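Step one of this worksheet: look at the structure below.
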Amino acid sequence: MPTVRVVTADDLDQLVESVTNLFRDDAGQHDRFTDTTWPQREGHTRYGALVGDPAWLQLLAYDDDDRAVGHLVGRVGEPTPTRPNRSAVLESLYVFADVRGQGVGALLVEEFLKWAREQGAVYATVSAYAANERAQRFYQVNGFVPQSVTLQAVL
């Protein structure tokens, strides 16, 4: 049974490894404009700065052998004049290929949505590449519905 823990400074290597895998497997496949080497260069600084920040949640999922097998990074934003409610954004989610289909991703999303509600968010959003149909199905099974479409012109 997988377990989920909040990331501490001691967990940054594992988090950066998981984010690196996400960039390679997702953006590397679906977005030629993404710098897939960013996590290796900047990940420790970026995610280290978020440890303990109450507006951000960073989670690692562990298998029965206490091996990190996935991550989630999300945040809660403040209301704006056009969006007067607090919202949550699931920024980053990855599950290692050898444990996909075992409930790890669903557990991470469940913990994120619970945390978001506790922070006063009334809705949550997530983005997925249009070509990543598997990710879109996963998010829909876990309670997300399509809201908008972003179109891109390559110049």
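By convention in this document, the chains of the structure tokens carry letters A, B, ... by their order, each chain's residues are numbered from 1, and ligands are numbered from 1 in the order they are shown.
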
How close does stretch 81-124 of chain A get to stretch 129-142 of chain A? List, as a tab-separated table, each residue of stretch 81-124 of chain A within 9 Å, its nearest atom pair and the distance in Å to one decimal, counting only C-alpha atoms.
residue	atom	partner	partner_atom	distance
A:Gly105	CA	A:Phe138	CA	8.5
A:Ala106	CA	A:Asn142	CA	6.6
A:Val109	CA	A:Asn142	CA	7.3
A:Glu110	CA	A:Asn142	CA	8.1

Write out the residues from the selection above, keeping C-alpha atoms, as a short mmCIF file (atom, residue, chain, number, x, y, z; two decimals), in the first residue's frame.
data_model
loop_
_atom_site.label_atom_id
_atom_site.label_comp_id
_atom_site.auth_asym_id
_atom_site.auth_seq_id
_atom_site.Cartn_x
_atom_site.Cartn_y
_atom_site.Cartn_z
CA GLY A 105 -1.54 8.96 -8.50
CA ALA A 106 -5.08 8.82 -7.12
CA VAL A 109 -4.52 13.76 -5.92
CA GLU A 110 -6.78 12.82 -3.01
#

Nearby residues (only C-alpha atoms) at most 10 Å from A:Ala27, same-chain spacing under 5 positions excluded, as an MDAnalysis selection string: chainID A and resid 21:22 32:36 128:129 132

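Using only C-alpha atoms, the nearest neighbour of A:Leu12 within the list A:Ala55, A:Leu60, A:Val69, A:Leu93 is A:Leu60.
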
One-decimal distance in Å that lies between atom CA of A:Pro2 and atom CA of A:Tyr62: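 Separation of atom CA of A:Tyr62 and atom CA of A:Pro2: 5.5 Å.
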
Test item: residues at most 9 Å from A:Gln119, only C-alpha atoms, excluding those fewer than 3 positions along its chain, as a PyMOL selection string: chain A and resi 54-55+76+86+88+114-116

Writer output for current selection, N, CA and C atoms, as a short mmCIF file (atom, residue, chain, number, x, y, z; two decimals), in the first residue's frame:
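Okay, this is what ended up in out.cif:
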data_model
loop_
_atom_site.label_atom_id
_atom_site.label_comp_id
_atom_site.auth_asym_id
_atom_site.auth_seq_id
_atom_site.Cartn_x
_atom_site.Cartn_y
_atom_site.Cartn_z
N PRO A 54 3.34 27.80 3.36
CA PRO A 54 1.96 27.33 3.56
C PRO A 54 1.08 27.40 2.31
N ALA A 55 1.49 28.15 1.30
CA ALA A 55 0.70 28.24 0.07
C ALA A 55 1.00 27.09 -0.89
N VAL A 76 -2.09 26.90 -3.53
CA VAL A 76 -3.36 27.59 -3.38
C VAL A 76 -3.11 29.06 -3.65
N ARG A 86 -10.84 31.42 -3.48
CA ARG A 86 -9.53 30.78 -3.47
C ARG A 86 -9.58 29.55 -4.37
N ALA A 88 -7.06 26.22 -6.14
CA ALA A 88 -5.85 25.42 -6.02
C ALA A 88 -5.40 25.03 -7.42
N LYS A 114 -7.78 17.30 -0.59
CA LYS A 114 -8.10 17.45 0.84
C LYS A 114 -7.39 18.68 1.40
N TRP A 115 -6.10 18.80 1.12
CA TRP A 115 -5.32 19.96 1.59
C TRP A 115 -5.90 21.25 1.02
N ALA A 116 -6.25 21.26 -0.27
CA ALA A 116 -6.78 22.46 -0.91
C ALA A 116 -8.08 22.91 -0.23
#

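For the pair atom CA of A:Leu57 and atom CA of A:Pro81, the interatomic distance is 24.6 Å.
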
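The nearest approach to A:Thr45 among the residues A:Val89, A:Leu72, A:Ala9, A:Val122, with only C-alpha atoms taken into account, belongs to A:Ala9.
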
Pick from A:Glu91, A:Glu118, A:Asp13, A:Asp25, whichever lies nearest to A:Gln58 using only C-alpha atoms: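 Ranking A:Glu91, A:Glu118, A:Asp13, A:Asp25 by distance to A:Gln58, first place goes to A:Glu91.
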
From A:Asp63, A:Asp31, A:Asp10, A:Glu78, residue lying nearest A:Phe96 [only C-alpha atoms]: A:Asp63

For A:Glu42, the nearest of the candidates A:Val19, A:Val104, A:Ala61, A:Leu90, counting only C-alpha atoms: A:Val19

Distance criterion (only C-alpha atoms): nearest to A:Leu107 out of A:Thr20, A:Leu59, A:Ala153, A:Val7: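 Closest residue, counting only C-alpha atoms: A:Leu59.
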
Between atom CA of A:Leu15 and atom CA of A:Pro79, distance in Å (one decimal):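 Value for the atom CA of A:Leu15-atom CA of A:Pro79 distance: 28.8 Å.
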
Secondary structure check, alpha helix (DSSP H) residues of stretch 4-138 of chain A, as a ChimeraX atom specification: /A:12-22,28-30,38-50,104-118,133-138
